[in-house]
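Have a look at my_file-v2.tsv; it's TSV, C-alpha atoms:
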chain	number	residue	atom	x	y	z
A	515	MET	CA	-8.48	11.96	0.00
A	516	PHE	CA	-9.31	8.53	-1.37
A	517	ILE	CA	-11.61	6.54	0.95
A	518	ILE	CA	-12.83	2.93	0.74
A	519	GLU	CA	-16.62	2.85	0.52
A	520	THR	CA	-17.55	-0.88	0.89
A	521	TYR	CA	-16.60	-3.89	2.99
A	522	THR	CA	-15.95	-5.93	-0.19
A	523	LEU	CA	-13.34	-3.42	-1.37
A	524	ALA	CA	-11.89	-3.37	2.15
A	525	VAL	CA	-11.40	-7.16	2.00
A	526	ILE	CA	-9.70	-6.81	-1.41
A	527	PHE	CA	-7.35	-4.22	0.08
A	528	CYS	CA	-6.64	-6.60	2.97
A	529	VAL	CA	-5.76	-9.36	0.48
A	530	VAL	CA	-3.31	-7.00	-1.23
A	531	THR	CA	-1.86	-6.30	2.23
A	532	MET	CA	-1.53	-10.04	2.84
A	533	LEU	CA	0.36	-10.53	-0.46
A	534	ALA	CA	2.60	-7.50	0.15
A	535	TRP	CA	3.44	-8.35	3.76
A	536	GLY	CA	4.07	-11.98	2.83
A	537	SER	CA	6.33	-11.20	-0.13
A	538	TRP	CA	8.55	-8.24	0.78
A	539	ALA	CA	11.13	-10.46	2.51
A	540	ASN	CA	11.98	-12.07	-0.82
A	541	THR	CA	13.85	-8.88	-1.67
A	542	GLN	CA	16.29	-9.64	1.16
A	543	LYS	CA	17.01	-13.02	-0.40
A	544	LEU	CA	17.37	-11.45	-3.86
A	545	ALA	CA	20.07	-9.03	-2.67
A	546	ALA	CA	23.72	-10.12	-2.81
A	547	LYS	CA	24.39	-13.18	-0.65
A	548	ASP	CA	27.09	-11.36	1.32
A	549	TRP	CA	24.87	-8.29	1.89
A	550	ARG	CA	24.24	-8.16	5.63
A	551	PHE	CA	20.67	-7.70	6.81
A	552	GLU	CA	21.68	-4.70	8.92
A	553	LEU	CA	22.78	-2.89	5.73
A	554	TYR	CA	19.78	-4.11	3.74
A	555	TYR	CA	17.54	-2.70	6.44
A	556	TRP	CA	18.63	0.91	5.88
A	557	ASP	CA	17.36	0.75	2.30
A	558	TYR	CA	14.21	-1.01	3.46
A	559	VAL	CA	13.40	1.91	5.80
A	560	ILE	CA	14.12	4.42	3.02
A	561	GLY	CA	11.58	2.57	0.85
A	562	ILE	CA	8.91	2.84	3.56
A	563	VAL	CA	9.44	6.60	3.99
A	564	LEU	CA	9.45	7.23	0.23
A	565	PHE	CA	6.19	5.38	-0.41
A	566	SER	CA	4.37	6.81	2.62
A	567	SER	CA	5.30	10.34	1.49
A	568	LEU	CA	4.30	9.75	-2.14
A	569	PHE	CA	1.01	8.08	-1.19
A	570	ALA	CA	0.09	10.94	1.17
A	571	LEU	CA	0.82	13.60	-1.47
A	572	THR	CA	-1.22	11.79	-4.13
A	573	ALA	CA	-4.11	9.60	-2.91
A	574	GLY	CA	-4.09	11.39	0.44
A	575	SER	CA	-4.56	14.78	-1.19
A	576	MET	CA	-7.16	13.96	-3.87
A	577	GLY	CA	-10.97	13.81	-3.83
A	578	GLY	CA	-13.56	15.53	-1.71
A	579	GLY	CA	-13.70	13.11	1.22
A	580	GLY	CA	-11.85	13.43	4.50
A	581	ARG	CA	-9.12	16.06	4.87
A	582	PRO	CA	-6.13	16.63	2.50
A	583	PHE	CA	-2.75	15.44	3.79
A	584	LEU	CA	-0.93	18.76	4.32
A	585	GLU	CA	-3.97	20.38	5.91
A	586	ASP	CA	-4.43	17.33	8.12
A	587	LEU	CA	-0.78	17.31	9.17
A	588	SER	CA	-0.85	21.01	10.11
A	589	GLN	CA	-3.82	20.60	12.50
A	590	ALA	CA	-2.76	17.35	14.24
A	591	ASP	CA	-2.38	17.52	18.00
A	592	ASN	CA	0.76	16.27	19.74
A	593	ALA	CA	-0.88	13.26	21.41
A	594	ASN	CA	-2.02	11.76	18.10
A	595	VAL	CA	1.27	12.57	16.38
A	596	GLY	CA	3.07	10.83	19.24
A	597	SER	CA	0.79	7.79	19.03
A	598	ALA	CA	1.51	7.29	15.31
A	599	VAL	CA	5.25	7.81	15.82
A	600	LEU	CA	5.26	5.38	18.76
A	601	GLY	CA	3.61	2.80	16.50
A	602	GLY	CA	6.54	3.23	14.09
A	603	ILE	CA	9.11	2.80	16.87
A	604	LEU	CA	7.46	-0.40	18.15
A	605	PHE	CA	7.15	-1.78	14.62
A	606	ASN	CA	10.78	-1.06	13.85
A	607	ALA	CA	12.04	-2.84	16.96
A	608	ALA	CA	9.89	-5.85	16.05
A	609	ASN	CA	10.73	-5.88	12.37
A	610	ILE	CA	14.49	-5.69	12.84
A	611	LEU	CA	14.26	-8.78	15.04
A	612	LEU	CA	12.03	-10.45	12.44
A	613	VAL	CA	14.53	-9.77	9.64
A	614	ALA	CA	17.27	-11.21	11.85
A	615	ALA	CA	15.11	-14.28	12.48
A	616	ILE	CA	14.57	-14.68	8.72
A	617	THR	CA	18.35	-14.60	8.24
A	618	LEU	CA	18.88	-17.27	10.92
A	619	ALA	CA	15.83	-19.52	10.50
A	620	GLY	CA	14.31	-18.76	7.08
A	621	MET	CA	10.98	-17.29	5.93
A	622	SER	CA	8.98	-20.47	6.46
A	623	VAL	CA	9.84	-20.40	10.17
A	624	ALA	CA	10.24	-16.72	11.11
A	625	PHE	CA	6.93	-15.66	9.57
A	626	PRO	CA	4.61	-18.35	10.96
A	627	VAL	CA	6.07	-18.02	14.45
A	628	GLY	CA	6.73	-14.26	14.59
A	629	ILE	CA	3.88	-12.90	12.49
A	630	GLY	CA	1.49	-15.60	13.67
A	631	LEU	CA	2.09	-14.55	17.25
A	632	ALA	CA	1.73	-10.89	16.21
A	633	LEU	CA	-1.59	-11.73	14.57
A	634	VAL	CA	-2.94	-13.31	17.75
A	635	ILE	CA	-1.85	-10.41	19.98
A	636	GLY	CA	-2.82	-7.77	17.43
A	637	VAL	CA	-6.32	-9.11	16.86
A	638	ILE	CA	-7.00	-9.32	20.61
A	639	VAL	CA	-5.59	-5.85	21.36
A	640	ASN	CA	-7.33	-4.18	18.42
A	641	TYR	CA	-10.64	-5.93	19.14
A	642	ILE	CA	-10.56	-4.70	22.73
A	643	ASP	CA	-10.00	-1.14	21.46
A	644	ALA	CA	-12.64	-1.38	18.69
A	645	PRO	CA	-14.90	-4.47	19.10
A	646	VAL	CA	-16.07	-4.76	15.49
A	647	GLY	CA	-17.16	-8.18	14.18
A	648	ASN	CA	-18.37	-11.51	15.59
A	649	SER	CA	-16.08	-12.31	18.52
A	650	THR	CA	-16.70	-16.08	18.30
A	651	LEU	CA	-15.56	-16.24	14.68
A	652	ILE	CA	-12.64	-13.88	15.24
A	653	PHE	CA	-11.22	-15.74	18.23
A	654	GLY	CA	-12.05	-19.15	16.72
A	655	GLY	CA	-9.85	-18.14	13.78
A	656	VAL	CA	-7.14	-16.96	16.15
A	657	ALA	CA	-7.22	-20.34	17.99
A	658	LEU	CA	-6.61	-22.22	14.72
A	659	ILE	CA	-3.71	-19.91	13.92
A	660	VAL	CA	-2.15	-20.62	17.32
A	661	LEU	CA	-2.22	-24.34	16.47
A	662	ALA	CA	-0.57	-23.57	13.13
A	663	ILE	CA	2.23	-21.68	14.90
A	664	LEU	CA	2.90	-24.62	17.21
A	665	LEU	CA	3.00	-27.07	14.28
A	666	ASN	CA	5.50	-24.90	12.43
A	667	ALA	CA	7.77	-24.62	15.46
A	668	ILE	CA	7.71	-28.43	15.92
A	669	ALA	CA	8.49	-28.97	12.23
A	670	TYR	CA	11.43	-26.58	12.41
A	671	ARG	CA	12.85	-28.31	15.48
A	672	LYS	CA	12.70	-31.69	13.70
A	673	LEU	CA	14.52	-30.28	10.68
A	674	SER	CA	17.13	-28.59	12.85
A	675	LYS	CA	17.87	-31.78	14.79
A	676	GLN	CA	18.41	-33.70	11.55
A	677	GLN	CA	20.75	-31.03	10.18
A	678	GLN	CA	22.50	-30.63	13.55
A	679	LYS	CA	21.52	-26.97	13.86
A	680	VAL	CA	20.57	-25.21	17.06
A	681	PRO	CA	17.21	-23.50	16.38
A	682	THR	CA	16.98	-21.60	19.64
A	683	LYS	CA	18.24	-18.17	18.53
A	684	GLY	CA	16.10	-17.96	15.38
A	685	LEU	CA	12.97	-19.08	17.21
A	686	VAL	CA	13.56	-16.78	20.19
A	687	LEU	CA	14.05	-13.76	17.92
A	688	ALA	CA	10.86	-14.64	16.02
A	689	VAL	CA	8.88	-14.90	19.28
A	690	VAL	CA	10.16	-11.56	20.63
A	691	ALA	CA	9.46	-9.94	17.25
A	692	GLY	CA	5.91	-11.30	17.35
A	693	LEU	CA	5.26	-9.97	20.85
A	694	LEU	CA	6.26	-6.45	19.79
A	695	MET	CA	4.67	-6.66	16.34
A	696	GLY	CA	1.26	-7.36	17.83
A	697	LEU	CA	1.22	-3.99	19.62
A	698	PHE	CA	2.23	-1.38	17.03
A	699	TYR	CA	-0.98	-1.30	14.95
A	700	LYS	CA	-3.26	-0.11	17.76
A	701	TYR	CA	-1.20	3.06	18.26
A	702	VAL	CA	-1.51	3.98	14.60
A	703	ALA	CA	-5.24	3.15	14.60
A	704	ASN	CA	-5.85	5.16	17.78
A	705	SER	CA	-4.28	8.27	16.26
A	706	MET	CA	-6.87	8.45	13.44
A	707	PHE	CA	-10.45	9.72	13.31
A	708	PRO	CA	-12.63	6.57	13.17
A	709	ASP	CA	-14.87	7.56	10.24
A	710	PHE	CA	-12.52	8.59	7.44
A	711	ALA	CA	-15.27	10.60	5.69
A	712	ASN	CA	-15.80	12.78	8.78
A	713	PRO	CA	-12.57	14.35	10.10
A	714	ILE	CA	-12.20	15.21	13.78
A	715	ALA	CA	-10.07	18.13	14.91
A	716	GLY	CA	-6.68	17.03	16.17
A	717	LYS	CA	-7.04	13.45	14.88
A	718	LEU	CA	-5.15	12.13	11.84
A	719	SER	CA	-6.23	10.87	8.45
A	720	PRO	CA	-4.95	7.38	7.52
A	721	TYR	CA	-2.40	8.92	5.15
A	722	THR	CA	-0.99	11.28	7.77
A	723	ALA	CA	-0.90	8.47	10.33
A	724	VAL	CA	1.12	6.20	8.01
A	725	PHE	CA	3.48	9.06	7.11
A	726	LEU	CA	4.22	9.83	10.80
A	727	PHE	CA	4.47	6.10	11.49
A	728	ALA	CA	7.19	5.93	8.79
A	729	LEU	CA	9.06	8.84	10.40
A	730	GLY	CA	8.98	6.94	13.70
A	731	ILE	CA	10.61	3.97	11.94
A	732	LEU	CA	13.28	6.19	10.38
A	733	ALA	CA	14.16	8.01	13.61
A	734	SER	CA	14.33	4.84	15.71
A	735	ASN	CA	16.43	3.08	13.08
A	736	PHE	CA	19.38	5.32	13.92
A	737	VAL	CA	19.28	3.78	17.40
A	738	PHE	CA	18.14	0.17	16.88
A	739	ASN	CA	20.03	-0.64	13.70
A	740	THR	CA	23.18	1.19	14.76
A	741	VAL	CA	23.32	-0.97	17.90
A	742	LEU	CA	22.83	-4.13	15.84
A	743	MET	CA	25.56	-3.11	13.40
A	744	ARG	CA	27.99	-2.88	16.32
A	745	LYS	CA	26.69	-5.93	18.19
A	746	PRO	CA	25.14	-8.24	15.55
A	747	PHE	CA	23.27	-11.44	16.37
A	748	GLU	CA	25.55	-13.30	13.95
A	749	GLY	CA	28.82	-12.44	12.21
A	750	ALA	CA	31.31	-9.61	12.63
A	751	PRO	CA	30.27	-5.99	13.31
A	752	VAL	CA	29.67	-3.76	10.28
A	753	GLY	CA	30.19	-0.01	9.89
A	754	PHE	CA	28.34	2.71	8.02
A	755	LYS	CA	31.06	2.81	5.39
A	756	ASP	CA	30.16	-0.77	4.44
A	757	TYR	CA	26.75	0.47	3.31
A	758	PHE	CA	28.34	2.42	0.45
A	759	TYR	CA	30.14	-0.66	-0.85
A	760	GLY	CA	26.88	-2.40	-1.69
A	761	SER	CA	25.86	-3.03	-5.30
A	762	SER	CA	23.07	-1.08	-6.97
A	763	LYS	CA	21.00	-4.26	-7.04
A	764	SER	CA	21.34	-4.80	-3.29
A	765	HIS	CA	20.31	-1.21	-2.54
A	766	LEU	CA	17.39	-1.42	-4.98
A	767	MET	CA	16.16	-4.66	-3.42
A	768	GLY	CA	16.09	-3.05	0.02
A	769	ILE	CA	14.16	0.00	-1.19
A	770	LEU	CA	11.75	-2.24	-3.12
A	771	GLY	CA	11.19	-4.34	0.01
A	772	GLY	CA	10.25	-1.22	1.98
A	773	VAL	CA	7.90	0.01	-0.74
A	774	ILE	CA	6.14	-3.36	-0.94
A	775	TRP	CA	5.70	-3.53	2.83
A	776	CYS	CA	4.40	0.06	3.02
A	777	ILE	CA	1.85	-0.63	0.27
A	778	GLY	CA	0.52	-3.37	2.54
A	779	MET	CA	0.48	-1.10	5.60
A	780	SER	CA	-1.27	1.73	3.75
A	781	PHE	CA	-3.92	-0.58	2.30
A	782	SER	CA	-4.51	-2.21	5.69
A	783	ILE	CA	-5.02	1.16	7.40
A	784	LEU	CA	-7.40	2.32	4.65
A	785	ALA	CA	-9.38	-0.93	4.96
A	786	SER	CA	-9.73	-0.57	8.74
A	787	ASP	CA	-12.46	2.06	8.25
A	788	LYS	CA	-14.94	-0.47	6.84
A	789	ALA	CA	-13.52	-3.75	8.18
A	790	GLY	CA	-12.53	-2.65	11.68
A	791	PRO	CA	-8.91	-2.64	12.95
A	792	ALA	CA	-9.00	-6.22	14.32
A	793	ILE	CA	-10.22	-7.79	11.06
A	794	SER	CA	-8.08	-5.55	8.85
A	795	TYR	CA	-4.91	-6.36	10.81
A	796	GLY	CA	-5.75	-10.03	11.25
A	797	LEU	CA	-6.52	-10.64	7.58
A	798	GLY	CA	-3.44	-8.74	6.47
A	799	GLN	CA	-1.31	-10.96	8.68
A	800	GLY	CA	-2.42	-13.88	6.54
A	801	ALA	CA	0.91	-12.86	5.03
A	802	THR	CA	2.23	-15.74	7.11
A	803	VAL	CA	0.75	-18.24	4.65
A	804	VAL	CA	2.18	-16.36	1.69
A	805	ALA	CA	5.65	-16.16	3.27
A	806	ALA	CA	5.58	-19.81	4.33
A	807	LEU	CA	4.74	-20.83	0.77
A	808	TRP	CA	7.61	-18.74	-0.58
A	809	GLY	CA	9.99	-20.36	1.92
A	810	ILE	CA	8.76	-23.92	1.40
A	811	VAL	CA	8.09	-23.96	-2.37
A	812	VAL	CA	10.50	-21.41	-3.86
A	813	TRP	CA	13.43	-21.23	-1.44
A	814	LYS	CA	13.26	-24.94	-0.42
A	815	GLU	CA	13.92	-24.17	3.25
A	816	PHE	CA	12.57	-27.57	4.34
A	817	LYS	CA	14.38	-29.59	1.68
A	818	GLY	CA	15.56	-32.91	3.10
A	819	ALA	CA	13.27	-32.68	6.12
A	820	PRO	CA	12.57	-35.94	8.01
A	821	LYS	CA	9.43	-37.98	7.47
A	822	GLY	CA	6.28	-36.41	8.84
A	823	VAL	CA	7.43	-32.78	8.52
A	824	GLY	CA	5.70	-32.36	5.15
A	825	GLY	CA	2.38	-33.39	6.67
A	826	MET	CA	2.88	-30.93	9.53
A	827	LEU	CA	3.52	-28.09	7.09
A	828	ASN	CA	0.45	-28.93	5.02
A	829	THR	CA	-1.69	-29.04	8.18
A	830	MET	CA	-0.19	-25.73	9.31
A	831	LEU	CA	-1.17	-24.04	6.05
A	832	LEU	CA	-4.67	-25.53	6.18
A	833	LEU	CA	-5.20	-24.27	9.74
A	834	TYR	CA	-4.01	-20.81	8.72
A	835	VAL	CA	-6.35	-20.65	5.73
A	836	VAL	CA	-9.39	-21.81	7.75
A	837	GLY	CA	-8.51	-19.45	10.60
A	838	LEU	CA	-8.27	-16.49	8.23
A	839	GLY	CA	-11.57	-17.52	6.63
A	840	LEU	CA	-13.26	-17.31	10.03
A	841	ILE	CA	-11.77	-13.84	10.60
A	842	ILE	CA	-13.13	-12.64	7.24
A	843	ALA	CA	-16.57	-14.11	7.98
A	844	ALA	CA	-16.65	-12.30	11.33
A	845	ARG	CA	-17.88	-9.10	9.65
Serialized structure, structure tokens:
Amino acid sequence: MFIIETYTLAVIFCVVTMLAWGSWANTQKLAAKDWRFELYYWDYVIGIVLFSSLFALTAGSMGGGGRPFLEDLSQADNANVGSAVLGGILFNAANILLVAAITLAGMSVAFPVGIGLALVIGVIVNYIDAPVGNSTLIFGGVALIVLAILLNAIAYRKLSKQQQKVPTKGLVLAVVAGLLMGLFYKYVANSMFPDFANPIAGKLSPYTAVFLFALGILASNFVFNTVLMRKPFEGAPVGFKDYFYGSSKSHLMGILGGVIWCIGMSFSILASDKAGPAISYGLGQGATVVAALWGIVVWKEFKGAPKGVGGMLNTMLLLYVVGLGLIIAAR
């Protein structure tokens, strides 16, 4: 299987993760305006499963390092399979809430609050499990990101008051999504053998772990998303038959969104071998900056904001960039 050999390449893979995780949500906005997020999400999950399978059968089955995908899958023990699947279930619960928060509050709010909180929790949890890197730099970067989250929440409240919106639901969903999102990565990381060049019996390769993670997302989606379709956060309930009335473009955007996100996940997991899970996850979650820029610059989500909000957003982005820089320097 393909394995990353250097820390420099690992950082490059983490940057790709950051771009992918910060950009996939644009596909939701590019789908038809009347296409409900619950229906979009089915295609998104299909995209994740398709890419994880293809990546495992190609890059995960080539080269002399590690253990080929099918051989690795056949020898995996139940505990590690369960850990990777549990990671998928936790991620799916978090991500459905995040997509709902994007629908209600926009990318420039849902991502900094939800994913920023996930970054803080994820870095702490993954560092405790695998303490790789300078703790002072890592947690100094996390502290700056916490400040950025608070600034974004304040800016959103000011905008909402001016436009006579009630921000509570969007913010609450983003916070709950962040709390769950910060936990999923450790279960995937714990299922794998730590040195990808030296397989351990019963443990998973990164490709097998991501594949099983994707199956966990798919299986849990029949529960989580079905419940949301019947009891949505906003709007009337939707049925499974509504899915088949969607346009080809809407379906394609959902699948593309899942593929883009799974590219980021796969690259992040591969990078964790040389960077360490805490740094790999933390740097990848710099996606928050990318998503905030999409929301602010392209989708104009803060258009007409009151005086002072622009300065808050600029400071938020600066704090995020500096915080991520400290996390990179920690290794």
Just checking: using all atoms listed in the file, which residue out of A:Tyr641, A:Phe747, A:Tyr701, A:Tyr759 ends up closest to Ala546 in chain A?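 Ranking A:Tyr641, A:Phe747, A:Tyr701, A:Tyr759 by distance to Ala546 in chain A, first place goes to A:Tyr759.
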Using all atoms listed in the file, find each residue in range 604-706 of chain A having at least one atom no more than 9 Å away from range 773-793 of chain A; report its shortest atom-to-atom pair and that distance in Å (one decimal), rows by chain then rising number, as a Markdown table.
| residue | atom | partner | partner_atom | distance |
| --- | --- | --- | --- | --- |
| A:Gly636 | CA | A:Ala792 | CA | 7.1 |
| A:Val637 | CA | A:Ala792 | CA | 4.7 |
| A:Ile638 | CA | A:Ala792 | CA | 7.3 |
| A:Val639 | CA | A:Ala792 | CA | 7.8 |
| A:Asn640 | CA | A:Ala792 | CA | 4.9 |
| A:Tyr641 | CA | A:Ala792 | CA | 5.1 |
| A:Ile642 | CA | A:Ala792 | CA | 8.7 |
| A:Asp643 | CA | A:Pro791 | CA | 8.7 |
| A:Ala644 | CA | A:Pro791 | CA | 7.0 |
| A:Pro645 | CA | A:Ala792 | CA | 7.8 |
| A:Val646 | CA | A:Gly790 | CA | 5.6 |
| A:Gly647 | CA | A:Ile793 | CA | 7.6 |
| A:Ile652 | CA | A:Ile793 | CA | 7.8 |
| A:Tyr699 | CA | A:Pro791 | CA | 8.3 |
| A:Lys700 | CA | A:Pro791 | CA | 7.8 |
| A:Val702 | CA | A:Ile783 | CA | 8.5 |
| A:Ala703 | CA | A:Pro791 | CA | 7.1 |
Write out as CSV the residues of range 539-656 of chain A that have any atom within 12 Å of an atom of range 806-819 of chain A, one row each with the nearest atom pair and its distance in Å to one decimal, counting only C-alpha atoms, sorted by chain and then rising number.
residue,atom,partner,partner_atom,distance
A:Ala539,CA,A:Trp808,CA,9.5
A:Asn540,CA,A:Trp808,CA,8.0
A:Thr541,CA,A:Trp808,CA,11.7
A:Lys543,CA,A:Trp813,CA,9.0
A:Leu544,CA,A:Trp813,CA,10.8
A:Ile616,CA,A:Gly809,CA,10.0
A:Thr617,CA,A:Glu815,CA,11.7
A:Leu618,CA,A:Glu815,CA,11.4
A:Ala619,CA,A:Glu815,CA,8.8
A:Gly620,CA,A:Glu815,CA,6.6
A:Met621,CA,A:Gly809,CA,5.1
A:Ser622,CA,A:Ala806,CA,4.1
A:Val623,CA,A:Ala806,CA,7.3
A:Ala624,CA,A:Ala806,CA,8.8
A:Phe625,CA,A:Ala806,CA,6.8
A:Pro626,CA,A:Ala806,CA,6.9
A:Val627,CA,A:Ala806,CA,10.3
A:Gly628,CA,A:Ala806,CA,11.7
A:Ile629,CA,A:Ala806,CA,10.8
A:Gly630,CA,A:Ala806,CA,11.0
Could you dump the residues just selected with C-alpha atoms as a short mmCIF file (atom, residue, chain, number, x, y, z; two decimals), in the frame of the given file?
data_model
loop_
_atom_site.label_atom_id
_atom_site.label_comp_id
_atom_site.auth_asym_id
_atom_site.auth_seq_id
_atom_site.Cartn_x
_atom_site.Cartn_y
_atom_site.Cartn_z
CA ALA A 539 11.13 -10.46 2.51
CA ASN A 540 11.98 -12.07 -0.82
CA THR A 541 13.85 -8.88 -1.67
CA LYS A 543 17.01 -13.02 -0.40
CA LEU A 544 17.37 -11.45 -3.86
CA ILE A 616 14.57 -14.68 8.72
CA THR A 617 18.35 -14.60 8.24
CA LEU A 618 18.88 -17.27 10.92
CA ALA A 619 15.83 -19.52 10.50
CA GLY A 620 14.31 -18.76 7.08
CA MET A 621 10.98 -17.29 5.93
CA SER A 622 8.98 -20.47 6.46
CA VAL A 623 9.84 -20.40 10.17
CA ALA A 624 10.24 -16.72 11.11
CA PHE A 625 6.93 -15.66 9.57
CA PRO A 626 4.61 -18.35 10.96
CA VAL A 627 6.07 -18.02 14.45
CA GLY A 628 6.73 -14.26 14.59
CA ILE A 629 3.88 -12.90 12.49
CA GLY A 630 1.49 -15.60 13.67
#
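Taking CA of Lys821 in chain A and CA of Gly800 in chain A as the two end points, the separation is 26.9 Å.
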Set the distance at 7 Å and use all atoms listed in the file: which residues neighbour range 553-568 of chain A once local chain neighbours fewer than 3 positions away are removed? I'd like the list as a ChimeraX atom specification. /A:549-550,571-572,724-725,728-729,732,757,765,768-773,776
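Residue nearest Phe698 in chain A within the list A:Ser575, A:Asn606, A:Asn828, A:Asn648: A:Asn606 [criterion: smallest interatomic distance, all atoms listed in the file].
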Restricting the calculation to only C-alpha atoms, which member of A:Leu633, A:Ala615, A:Ala723, A:Val656 is positioned closest to Phe583 in chain A? A:Ala723
Long-range neighbours of Ile842 in chain A as a PyMOL selection string, 8 Å cut-off, all atoms listed in the file, 3 positions minimum in chain: chain A and resi 525+793+797+838-839+845
Which one is closest to Met532 in chain A: A:Phe736, A:Tyr834, A:Phe569, A:Tyr795? Count only C-alpha atoms.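 The shortest atom-to-atom distance to Met532 in chain A comes from A:Tyr795.
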Counting all atoms listed in the file, the residue among A:Gly753, A:Gly684, A:Gly579, A:Gly798 that lies closest to Ala632 in chain A is A:Gly798
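If you look at CA of Met826 in chain A and CA of Ala669 in chain A, they are 6.5 Å away from each other.
By all atoms listed in the file, and with residues fewer than 2 positions from Gly577 in chain A along its chain excluded, the set lying at most 12 Å from it is A:Met515, A:Phe516, A:Ile517, A:Ile518, A:Thr572, A:Ala573, A:Gly574, A:Ser575, A:Gly579, A:Gly580, A:Arg581, A:Pro582, A:Phe583, A:Ala711.
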Counting only C-alpha atoms, which of A:Lys683, A:Ala570, A:Phe727, A:Leu833 gets nearest to Thr802 in chain A? A:Leu833
One decimal, in Å: what's the spacing between CA of Val660 in chain A and CA of Val634 in chain A?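 Separation of CA of Val660 in chain A and CA of Val634 in chain A: 7.4 Å.
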Excluding same-chain residues fewer than 5 positions from Leu658 in chain A, what lies within 10 Å of it counting all atoms listed in the file, as an MDAnalysis selection string? chainID A and resid 653 663 830 832:838 840
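Neighbours of Phe738 in chain A closer than or equal to 12 Å, with only C-alpha atoms counted and sequence neighbours fewer than 5 positions away skipped, come out as Glu552, Tyr555, Trp556, Ile603, Leu604, Phe605, Asn606, Ala607, Ala608, Asn609, Ile610, Leu611, Gly730, Ile731, Leu732, Ala733, Met743, Arg744, Lys745 and Pro746 of chain A.
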Can you patch up range 613-625 of chain A, filling it in to N, CA, C and O atoms, and show the result as a tab-separated table (two decimals), in the coordinates of the input?
chain	number	residue	atom	x	y	z
A	613	VAL	N	13.58	-9.62	10.76
A	613	VAL	CA	14.53	-9.77	9.64
A	613	VAL	C	15.73	-10.60	10.09
A	613	VAL	O	16.24	-11.43	9.33
A	614	ALA	N	16.18	-10.39	11.32
A	614	ALA	CA	17.27	-11.21	11.85
A	614	ALA	C	16.85	-12.67	11.95
A	614	ALA	O	17.62	-13.58	11.63
A	615	ALA	N	15.61	-12.91	12.38
A	615	ALA	CA	15.11	-14.28	12.48
A	615	ALA	C	15.01	-14.94	11.11
A	615	ALA	O	15.28	-16.13	10.96
A	616	ILE	N	14.62	-14.15	10.09
A	616	ILE	CA	14.57	-14.68	8.72
A	616	ILE	C	15.96	-15.11	8.28
A	616	ILE	O	16.15	-16.17	7.67
A	617	THR	N	16.96	-14.29	8.61
A	617	THR	CA	18.35	-14.60	8.24
A	617	THR	C	18.80	-15.91	8.90
A	617	THR	O	19.48	-16.73	8.28
A	618	LEU	N	18.42	-16.11	10.17
A	618	LEU	CA	18.88	-17.27	10.92
A	618	LEU	C	18.04	-18.52	10.68
A	618	LEU	O	18.58	-19.63	10.63
A	619	ALA	N	16.72	-18.35	10.54
A	619	ALA	CA	15.83	-19.52	10.50
A	619	ALA	C	15.05	-19.68	9.21
A	619	ALA	O	14.45	-20.72	8.99
A	620	GLY	N	15.03	-18.65	8.34
A	620	GLY	CA	14.31	-18.76	7.08
A	620	GLY	C	12.89	-18.20	7.16
A	620	GLY	O	12.31	-18.06	8.24
A	621	MET	N	12.32	-17.88	6.00
A	621	MET	CA	10.98	-17.29	5.93
A	621	MET	C	9.90	-18.23	6.43
A	621	MET	O	8.92	-17.82	7.05
A	622	SER	N	10.05	-19.51	6.12
A	622	SER	CA	8.98	-20.47	6.46
A	622	SER	C	8.91	-20.75	7.95
A	622	SER	O	7.97	-21.40	8.41
A	623	VAL	N	9.87	-20.26	8.71
A	623	VAL	CA	9.84	-20.40	10.17
A	623	VAL	C	9.57	-19.05	10.84
A	623	VAL	O	8.68	-18.91	11.67
A	624	ALA	N	10.35	-18.02	10.46
A	624	ALA	CA	10.24	-16.72	11.11
A	624	ALA	C	8.84	-16.12	10.97
A	624	ALA	O	8.29	-15.56	11.92
A	625	PHE	N	8.25	-16.25	9.78
A	625	PHE	CA	6.93	-15.66	9.57
A	625	PHE	C	5.82	-16.38	10.33
A	625	PHE	O	5.03	-15.74	11.04
